[in-house]
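Trainee: Dropping in final39.cif, with mmCIF, C-alpha atoms.
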data_entry
loop_
_atom_site.label_atom_id
_atom_site.label_comp_id
_atom_site.auth_asym_id
_atom_site.auth_seq_id
_atom_site.Cartn_x
_atom_site.Cartn_y
_atom_site.Cartn_z
CA MET A 527 -55.25 178.66 60.50
CA LYS A 528 -54.22 179.69 64.01
CA ILE A 529 -51.12 177.99 65.42
CA SER A 530 -50.90 177.69 69.19
CA ILE A 531 -47.40 177.60 70.86
CA SER A 532 -47.21 176.29 74.41
CA ARG A 533 -45.00 177.87 77.09
CA ALA A 534 -42.66 174.81 76.98
CA GLN A 535 -41.92 175.48 73.32
CA ARG A 536 -40.90 179.11 73.74
CA GLY A 537 -37.13 180.21 73.40
CA VAL A 538 -35.03 181.76 76.19
CA THR A 539 -35.55 185.32 77.08
CA LEU A 540 -32.86 187.98 76.73
CA ILE A 541 -32.38 188.06 80.49
CA GLU A 542 -31.90 184.29 80.63
CA LEU A 543 -29.40 184.47 77.77
CA MET A 544 -27.39 187.19 79.49
CA ILE A 545 -27.33 185.25 82.75
CA GLY A 546 -26.09 182.15 80.91
CA LEU A 547 -23.38 184.11 79.12
CA ALA A 548 -22.27 185.65 82.42
CA LEU A 549 -22.08 182.27 84.12
CA GLY A 550 -20.14 180.85 81.14
CA LEU A 551 -17.75 183.82 81.21
CA ILE A 552 -17.13 183.36 84.92
CA ALA A 553 -16.44 179.66 84.41
CA SER A 554 -14.08 180.42 81.52
CA LEU A 555 -12.20 183.00 83.57
CA ALA A 556 -11.82 180.50 86.39
CA ILE A 557 -10.52 177.86 84.00
CA PHE A 558 -8.08 180.24 82.29
CA SER A 559 -6.87 181.55 85.67
CA THR A 560 -6.22 177.99 86.82
CA ILE A 561 -4.41 177.15 83.60
CA SER A 562 -2.33 180.34 83.83
CA SER A 563 -1.44 179.58 87.44
CA PHE A 564 -0.39 176.04 86.57
CA GLU A 565 1.58 177.31 83.57
CA ALA A 566 3.42 179.87 85.72
CA GLN A 567 4.15 177.17 88.27
CA ARG A 568 5.37 174.87 85.49
CA ARG A 569 7.70 177.59 84.14
CA THR A 570 9.03 178.28 87.62
CA THR A 571 9.61 174.58 88.26
CA ALA A 572 11.25 174.06 84.86
CA SER A 573 13.39 177.16 85.32
CA GLY A 574 14.44 175.93 88.75
CA MET A 575 15.33 172.54 87.30
CA ASP A 576 17.42 174.23 84.59
CA MET A 577 19.14 176.31 87.27
CA GLN A 578 19.88 173.21 89.33
CA GLN A 579 21.16 171.34 86.28
CA ASN A 580 23.44 174.22 85.27
CA GLY A 581 24.80 174.70 88.78
CA LEU A 582 25.48 171.01 89.33
CA MET A 583 27.02 170.60 85.88
CA ALA A 584 29.36 173.55 86.51
CA LEU A 585 30.38 172.29 89.93
CA TYR A 586 30.84 168.70 88.70
CA SER A 587 33.09 169.74 85.81
CA ILE A 588 35.33 171.86 88.04
CA ASP A 589 35.40 169.15 90.70
CA GLN A 590 36.58 166.47 88.27
CA ASP A 591 39.39 168.62 86.89
CA ILE A 592 40.63 169.77 90.29
CA ARG A 593 40.74 166.17 91.53
CA MET A 594 43.28 165.52 88.76
CA ALA A 595 45.29 168.65 89.54
CA GLY A 596 48.99 168.04 90.08
CA PHE A 597 48.96 164.65 88.34
CA GLY A 598 52.49 163.87 87.22
CA LEU A 599 54.01 166.94 88.84
CA ILE A 600 55.35 165.08 91.86
CA ASP A 601 59.02 164.17 91.97
CA SER A 602 59.05 160.58 93.23
CA SER A 603 62.80 160.57 93.83
CA THR A 604 62.03 161.47 97.44
CA THR A 605 59.79 159.68 99.90
CA PRO A 606 57.23 161.01 100.24
CA GLY A 607 57.44 162.69 96.85
CA SER A 608 57.36 166.45 96.59
CA MET A 609 56.50 169.01 93.98
CA PRO A 610 59.89 170.17 92.64
CA CYS A 611 58.77 173.67 91.64
CA SER A 612 55.75 175.88 91.10
CA LYS A 613 56.94 177.24 87.75
CA ILE A 614 58.69 175.57 84.85
CA ASN A 615 60.86 177.59 82.50
CA ALA A 616 60.16 175.91 79.20
CA TYR A 617 63.12 178.00 78.08
CA GLY A 618 61.68 179.02 74.78
CA THR A 619 61.11 182.70 74.00
CA ASN A 620 58.53 184.16 76.38
CA SER A 621 57.47 180.74 77.62
CA VAL A 622 56.87 179.95 81.27
CA TRP A 623 54.52 177.28 82.51
CA ASN A 624 52.96 177.41 85.96
CA SER A 625 53.16 173.93 87.46
CA ALA A 626 51.20 174.74 90.62
CA PRO A 627 48.28 172.24 90.61
CA VAL A 628 45.61 174.94 90.94
CA VAL A 629 45.95 178.68 90.39
CA ILE A 630 43.19 181.10 91.43
CA ALA A 631 43.10 184.57 89.90
CA ASN A 632 40.51 187.34 89.92
CA ASN A 633 38.92 188.46 86.68
CA ALA A 634 38.73 192.16 87.49
CA SER A 635 36.46 192.99 84.57
CA ALA A 636 33.83 190.43 85.57
CA GLY A 637 34.37 190.40 89.33
CA ASN A 638 34.68 186.61 89.36
CA ASP A 639 37.55 184.22 89.96
CA ILE A 640 39.39 182.37 87.20
CA ILE A 641 40.44 178.83 88.10
CA THR A 642 43.37 177.21 86.30
CA VAL A 643 44.15 173.53 86.77
CA ASN A 644 47.56 172.12 85.80
CA ARG A 645 48.70 168.54 85.40
CA LEU A 646 50.95 166.46 83.21
CA ASN A 647 49.06 164.63 80.50
CA SER A 648 51.21 161.54 80.19
CA ASP A 649 50.67 157.79 80.12
CA THR A 650 53.24 157.42 82.86
CA GLY A 651 51.99 160.41 84.80
CA GLY A 652 55.35 162.10 84.55
CA ILE A 653 56.71 159.97 87.37
CA VAL A 654 60.49 159.76 87.28
CA THR A 655 61.32 156.80 85.03
CA GLY A 656 61.73 153.68 87.10
CA GLY A 657 61.42 155.79 90.21
CA LYS A 658 64.89 157.17 89.57
CA ALA A 659 66.36 160.62 89.17
CA ALA A 660 69.81 161.71 88.18
CA GLY A 661 71.63 164.07 90.52
CA LEU A 662 73.89 166.77 89.10
CA ALA A 663 77.54 165.85 89.43
CA ALA A 664 78.58 169.41 88.52
CA ASN A 665 76.90 172.79 88.49
CA MET A 666 74.72 173.71 85.51
CA ASN A 667 74.76 177.31 84.28
CA SER A 668 72.75 179.26 81.73
CA GLY A 669 73.57 178.23 78.17
CA ASP A 670 75.08 174.85 79.13
CA THR A 671 74.18 172.09 76.72
CA SER A 672 76.10 169.34 78.47
CA ILE A 673 75.02 168.19 81.93
CA SER A 674 77.22 166.12 84.24
CA VAL A 675 75.18 163.63 86.23
CA ASP A 676 75.92 160.88 88.71
CA THR A 677 74.22 158.41 86.36
CA SER A 678 72.36 158.57 83.06
CA GLU A 679 70.81 155.15 83.58
CA ALA A 680 67.21 156.38 83.67
CA LEU A 681 67.58 158.77 80.72
CA HIS A 682 67.09 158.16 77.00
CA THR A 683 67.54 160.20 73.85
CA ASN A 684 64.51 162.44 73.17
CA ASP A 685 63.34 162.26 76.79
CA PHE A 686 61.99 165.47 78.26
CA ILE A 687 63.64 166.33 81.55
CA LEU A 688 63.12 168.80 84.37
CA VAL A 689 66.15 170.22 86.11
CA SER A 690 65.05 171.16 89.60
CA GLN A 691 66.47 172.45 92.85
CA ALA A 692 64.78 173.38 96.11
CA ASN A 693 63.28 176.91 96.10
CA LEU A 694 64.11 177.50 92.42
CA ASP A 695 61.97 177.34 89.30
CA CYS A 696 62.49 174.23 87.19
CA SER A 697 63.84 174.32 83.63
CA LEU A 698 62.63 172.05 80.86
CA PHE A 699 65.02 170.48 78.33
CA LYS A 700 65.11 167.60 75.86
CA VAL A 701 67.88 165.02 75.82
CA SER A 702 69.53 165.06 72.40
CA ALA A 703 72.30 162.57 73.15
CA ILE A 704 73.85 160.51 75.94
CA PRO A 705 77.61 160.54 75.29
CA SER A 706 78.55 158.69 78.48
CA ALA A 707 77.22 157.12 81.66
CA THR A 708 77.78 160.37 83.51
CA SER A 709 76.76 163.05 81.01
CA VAL A 710 73.86 164.02 78.77
CA THR A 711 73.51 166.58 75.99
CA VAL A 712 70.37 168.72 76.00
CA VAL A 713 68.55 171.31 73.90
CA ASN A 714 66.16 174.03 75.00
CA VAL A 715 62.45 173.29 74.58
CA ALA A 716 59.65 175.75 73.83
CA ASN A 717 56.25 175.24 75.42
CA ALA A 718 53.59 175.74 72.77
CA ILE A 719 50.73 176.31 75.22
CA GLY A 720 52.67 177.92 78.05
CA ASP A 721 52.01 181.11 79.90
CA THR A 722 53.61 183.74 77.69
CA THR A 723 53.22 186.61 80.13
CA GLN A 724 56.80 186.26 81.38
CA THR A 725 60.22 185.69 79.90
CA PRO A 726 61.88 182.67 81.50
CA THR A 727 65.03 183.39 83.42
CA PHE A 728 67.56 180.68 84.15
CA PRO A 729 68.45 180.87 87.86
CA ALA A 730 71.18 183.48 88.27
CA SER A 731 73.24 181.11 90.38
CA GLY A 732 72.48 178.16 88.10
CA TYR A 733 71.66 174.72 89.47
CA SER A 734 74.04 173.49 92.14
CA ALA A 735 75.30 169.95 92.61
CA ALA A 736 76.04 170.78 96.24
CA ALA A 737 72.38 171.81 96.73
CA SER A 738 71.23 168.39 95.49
CA ALA A 739 69.76 169.58 92.18
CA VAL A 740 68.21 166.66 90.32
CA ILE A 741 66.92 165.75 86.87
CA ALA A 742 63.41 164.27 86.66
CA ASP A 743 62.73 162.23 83.53
CA LEU A 744 59.27 162.96 82.10
CA GLY A 745 59.54 160.48 79.25
CA ALA A 746 59.75 160.83 75.49
CA ALA A 747 57.30 162.01 72.85
CA SER A 748 55.45 159.16 71.18
CA SER A 749 56.74 159.79 67.65
CA ALA A 750 59.95 160.98 66.04
CA SER A 751 58.15 163.80 64.25
CA ALA A 752 56.94 165.11 67.60
CA ALA A 753 60.26 164.70 69.37
CA ASN A 754 60.85 168.45 69.56
CA THR A 755 57.30 169.32 70.55
CA PHE A 756 56.24 169.89 74.12
CA GLY A 757 52.88 171.32 75.06
CA SER A 758 51.11 170.05 71.95
CA THR A 759 47.38 169.41 72.33
CA ASN A 760 47.69 166.30 70.15
CA PRO A 761 46.90 163.39 72.51
CA ALA A 762 49.26 161.12 70.54
CA ILE A 763 52.20 163.21 71.74
CA THR A 764 53.31 162.49 75.28
CA PRO A 765 54.13 163.84 77.70
CA THR A 766 52.23 167.11 77.41
CA PHE A 767 51.22 169.79 79.85
CA ALA A 768 47.44 169.84 80.31
CA THR A 769 46.24 173.24 81.45
CA THR A 770 42.50 173.70 81.97
CA LYS A 771 40.99 177.09 82.73
CA TYR A 772 37.50 178.10 83.89
CA GLN A 773 35.93 181.55 83.87
CA ILE A 774 32.59 183.30 83.28
CA ASN A 775 32.04 185.27 80.08
CA THR A 776 29.85 188.32 79.49
CA ASN A 777 26.92 186.08 78.51
CA LEU A 778 26.98 184.51 81.99
CA ASP A 779 28.26 181.20 80.65
CA LEU A 780 30.83 179.18 82.55
CA ILE A 781 33.42 178.46 79.86
CA ARG A 782 36.38 176.08 79.79
CA THR A 783 39.56 175.96 77.70
CA GLU A 784 42.25 173.32 77.32
CA ASP A 785 44.44 175.17 74.80
CA ASN A 786 45.37 178.34 76.65
CA GLY A 787 42.29 180.26 75.50
CA THR A 788 42.37 179.51 71.77
CA THR A 789 39.14 177.52 72.02
CA TRP A 790 36.48 177.95 74.71
CA ASN A 791 33.63 175.52 75.36
CA THR A 792 30.49 176.31 77.35
CA VAL A 793 30.11 174.12 80.42
CA ALA A 794 26.90 175.65 81.80
CA SER A 795 24.69 178.68 81.17
CA ASN A 796 23.34 181.27 83.59
CA ILE A 797 26.26 181.07 86.00
CA VAL A 798 26.50 184.56 87.47
CA ALA A 799 29.33 184.12 89.97
CA ILE A 800 32.24 181.83 90.77
CA ALA A 801 34.59 182.20 93.72
CA ALA A 802 37.34 179.98 95.08
CA GLN A 803 39.74 179.75 98.00
CA TYR A 804 42.91 177.83 98.80
CA GLY A 805 42.78 175.36 101.68
CA VAL A 806 46.20 175.74 103.33
CA ALA A 807 47.88 173.37 105.78
CA ASN A 808 50.84 173.96 108.04
CA ALA A 809 54.16 172.79 106.60
CA GLY A 810 54.47 169.02 107.03
CA SER A 811 50.76 168.54 107.75
CA PRO A 812 48.10 167.06 105.44
CA THR A 813 45.24 168.82 107.26
CA VAL A 814 43.83 172.15 106.07
CA ASN A 815 43.69 174.66 108.92
CA CYS A 816 43.22 177.91 107.01
CA TRP A 817 41.33 179.24 103.98
CA THR A 818 42.42 182.22 101.89
CA ASP A 819 41.58 184.03 98.68
CA ALA A 820 44.30 184.26 96.06
CA THR A 821 44.95 187.83 97.11
CA GLY A 822 44.16 187.31 100.78
CA THR A 823 46.42 187.32 103.82
CA ALA A 824 44.35 185.06 106.08
CA CYS A 825 46.96 182.27 106.08
CA SER A 826 50.57 182.65 107.12
CA GLY A 827 53.11 182.58 104.33
CA SER A 828 53.85 184.61 101.26
CA ASN A 829 51.57 186.37 98.81
CA TRP A 830 49.02 183.74 97.80
CA ALA A 831 48.62 185.37 94.39
CA ASN A 832 52.07 184.01 93.51
CA PRO A 833 53.25 181.57 96.19
CA PRO A 834 56.70 179.93 96.06
CA PRO A 835 57.04 176.11 95.85
CA ALA A 836 57.16 175.68 99.64
CA ASP A 837 53.76 177.37 100.03
CA VAL A 838 52.27 175.73 96.94
CA ARG A 839 52.91 172.37 98.64
CA ARG A 840 50.82 173.56 101.58
CA ILE A 841 47.71 173.95 99.41
CA LYS A 842 45.77 170.73 99.99
CA ALA A 843 42.24 171.61 98.86
CA ILE A 844 40.18 174.14 96.94
CA GLN A 845 36.84 175.52 98.08
CA VAL A 846 34.60 176.48 95.16
CA ALA A 847 31.23 178.23 95.23
CA ILE A 848 29.01 178.91 92.21
CA VAL A 849 25.88 181.04 91.94
CA ALA A 850 23.47 179.80 89.27
CA ARG A 851 20.50 181.79 87.96
CA SER A 852 17.15 180.60 86.63
CA ASN A 853 16.63 180.83 82.89
CA GLN A 854 13.35 182.76 83.19
CA PRO A 855 12.36 185.69 85.42
CA ALA A 856 10.39 184.64 88.47
CA GLY A 857 8.55 187.91 89.12
CA SER A 858 8.76 191.66 89.25
CA CYS A 859 12.22 193.15 89.63
CA THR A 860 13.55 194.42 92.94
CA ALA A 861 16.74 196.42 92.59
CA SER A 862 19.58 195.35 94.90
CA THR A 863 23.32 195.81 95.13
CA GLN A 864 23.84 193.53 98.11
CA PRO A 865 26.88 191.23 97.72
CA THR A 866 26.46 187.53 98.35
CA THR A 867 28.67 185.91 100.97
CA TRP A 868 28.87 182.27 101.94
CA ALA A 869 31.38 180.38 104.08
CA GLY A 870 33.81 183.26 103.96
CA ILE A 871 33.76 183.56 100.16
CA THR A 872 32.32 186.76 98.75
CA ALA A 873 31.02 187.33 95.23
CA ASN A 874 29.65 190.77 94.42
CA LEU A 875 26.71 190.43 92.05
CA SER A 876 25.96 194.14 91.85
CA GLY A 877 27.15 194.18 88.23
CA ILE A 878 24.40 191.74 87.22
CA ALA A 879 21.29 193.68 86.15
CA ASN A 880 18.24 192.98 88.31
CA TRP A 881 19.95 190.22 90.22
CA GLY A 882 18.01 190.77 93.48
CA TRP A 883 16.93 187.61 95.28
CA GLY A 884 13.28 188.67 95.42
CA GLY A 885 13.30 190.11 91.93
CA CYS A 886 13.49 189.02 88.34
CA TYR A 887 15.33 185.71 88.71
CA ARG A 888 15.82 182.89 91.16
CA TYR A 889 19.34 182.10 92.38
CA LYS A 890 20.94 179.12 94.04
CA VAL A 891 24.41 178.67 95.53
CA TYR A 892 26.38 175.46 94.93
CA GLN A 893 29.46 174.90 97.01
CA THR A 894 31.97 172.15 97.63
CA ILE A 895 35.45 171.47 99.01
CA ILE A 896 37.70 169.54 96.61
CA PRO A 897 40.87 167.82 97.88
CA ILE A 898 43.89 168.04 95.58
CA ARG A 899 44.55 164.36 96.01
CA ASN A 900 47.72 164.14 93.92
CA VAL A 901 49.33 166.71 96.20
CA ILE A 902 48.08 165.02 99.35
CA TRP A 903 49.24 161.59 98.22
CA GLY A 904 52.48 162.84 96.75
CA ASN A 905 53.87 165.01 99.49
CA LEU A 906 53.42 166.55 102.89
#
Just give me the structure of the file as structure tokens.
Mentor:
Amino acid sequence: MKISISRAQRGVTLIELMIGLALGLIASLAIFSTISSFEAQRRTTASGMDMQQNGLMALYSIDQDIRMAGFGLIDSSTTPGSMPCSKINAYGTNSVWNSAPVVIANNASAGNDIITVNRLNSDTGGIVTGGKAAGLAANMNSGDTSISVDTSEALHTNDFILVSQANLDCSLFKVSAIPSATSVTVVNVANAIGDTTQTPTFPASGYSAAASAVIADLGAASSASAANTFGSTNPAITPTFATTKYQINTNLDLIRTEDNGTTWNTVASNIVAIAAQYGVANAGSPTVNCWTDATGTACSGSNWANPPPADVRRIKAIQVAIVARSNQPAGSCTASTQPTTWAGITANLSGIANWGWGGCYRYKVYQTIIPIRNVIWGNL
């Protein structure tokens, strides 16, 4: 039997099949190219969002701590109050505590600034008890354990006290007894989380009654077992010095410590640079009229790397700038060693591999000016 097959029933030819496959391949390539483009755009957007989140988180954390800088370090026995000293000799072996509200130092190995924020962590804020301070009725010399005062009314056994005098470092003691209305007995106090880079030195001339040296009462520890402890990180013990430090580690993380470097916590990742400046006012003025690096000489006064109390009181604000980097590369690398400068603050990023703006990663600068409000409110 002969079977007849019409033209409509025939299969596709080889040429038709190849044309169809070519058209399908072209369509697939177009679809994959579109998907790849959208995926690259999604990664770039997500990476930019991560960069923005990290930068804002870093800046917010530093901002909140600096706004609390100097809390409790103002001597309210004067009106307006003033910061009695920029360093406190805790008077234990190798124990000095820097009481300047904010200290800026350069991390030479990383090329970034280190920001240290100091305040008194106390329920009463370290304000002189009842707004009172005892003036020295007689000079106090190194090794003295009995202090003559005009009144011991504001002092109590186990209170921590600061002996201060204009243009001298303060010394920290604990009241062990109050034998009379005009004398107190004290013992030396070690600062467990203090700066141990220096050995405290009692002022060579001592503290002078004629120079209006005073005793500021910081209050007592909250428990008898903690009565001899100052600088403990236990929040149940008051008052305590709260020192917070920020710096960038080798992994490009902004890290923060509250226990003098024993424990570091990551605040934000992919932070490649941090720089800060002091906002300095003229003596007696609350208005910043000059900005300087910690090692700069732009503002009149002493060396800003280690300013005396009179110049510390002139620091009214801190300018902070942070450079955040995207988590993922944004394109091909373009080598660059150009430093980044903004608003007078310079951060050299040449040590960061492939940091170039048009290269591997995207970068964004976050900058703010933070008033040290406790200093502004407390003194001029």
Trainee: Contacts of A:Leu585 at 10 Å or less, counting only C-alpha atoms, minus same-chain residues fewer than 6 places along, as a PDB file with C-alpha atoms, in the frame of the given file?
Mentor:
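Result file follows (part.pdb):
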ATOM      1  CA  GLN A 579      21.160 171.340  86.280  1.00  0.00           C
ATOM      2  CA  VAL A 793      30.110 174.120  80.420  1.00  0.00           C
ATOM      3  CA  ALA A 794      26.900 175.650  81.800  1.00  0.00           C
ATOM      4  CA  ILE A 800      32.240 181.830  90.770  1.00  0.00           C
ATOM      5  CA  VAL A 846      34.600 176.480  95.160  1.00  0.00           C
ATOM      6  CA  ALA A 847      31.230 178.230  95.230  1.00  0.00           C
ATOM      7  CA  ILE A 848      29.010 178.910  92.210  1.00  0.00           C
ATOM      8  CA  TYR A 892      26.380 175.460  94.930  1.00  0.00           C
ATOM      9  CA  GLN A 893      29.460 174.900  97.010  1.00  0.00           C
ATOM     10  CA  THR A 894      31.970 172.150  97.630  1.00  0.00           C
TER      11      THR A 894
END
Trainee: Nearest residue to A:Gly822 out of A:Asn786, A:Thr770, A:Ser795, A:Asn632, using only C-alpha atoms?
Mentor: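 The answer is A:Asn632, which sits nearest to A:Gly822.
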Trainee: Can you translate the PyMOL selection byres ((chain A and resi 674) around 9) into the concrete residues it hits in this file, as a VMD selection string?
Mentor: chain A and resid 661 to 666 672 to 673 675 to 677 708 to 710
Trainee: Got a sec to resolve the PyMOL selection byres ((chain A and resi 845) around 10) on this structure and send the residues as a list of chain:residue names?
Mentor: A:Asp589, A:Ala801, A:Ala802, A:Gln803, A:Tyr804, A:Gly805, A:Trp817, A:Thr818, A:Asp819, A:Ala843, A:Ile844, A:Val846, A:Ala847, A:Ala869, A:Ile871, A:Gln893, A:Thr894, A:Ile895, A:Ile896, A:Pro897
Trainee: From the set A:Val838, A:Leu780, A:Val891, A:Leu555, which residue has the shortest atom-to-atom contact distance to A:Thr792, counting only C-alpha atoms?
Mentor: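 Nearest candidate to A:Thr792 out of A:Val838, A:Leu780, A:Val891, A:Leu555: A:Leu780.
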Trainee: Name every residue that the PyMOL selection byres ((chain A and resi 681) around 8) selects in this structure, writing the answer as a list in words with chains first and numbers rising.
Mentor: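 On the file shown, the PyMOL selection byres ((chain A and resi 681) around 8) covers Thr655, Ser678, Glu679, Ala680, His682, Thr683, Asp685, Val701 and Asp743 of chain A.
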Trainee: Report the distance between atom CA of A:Ala616 and atom CA of A:Ala809 in Å, rounded to one decimal place.
Mentor: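 Computing the Euclidean distance for atom CA of A:Ala616 and atom CA of A:Ala809 yields 28.2 Å.
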Trainee: Restricting the calculation to only C-alpha atoms, which member of A:Gly787, A:Gly596, A:Gly669, A:Pro627 is positioned closest to A:Thr727?
Mentor: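 With only C-alpha atoms as the atom set, the closest residue is A:Gly669.
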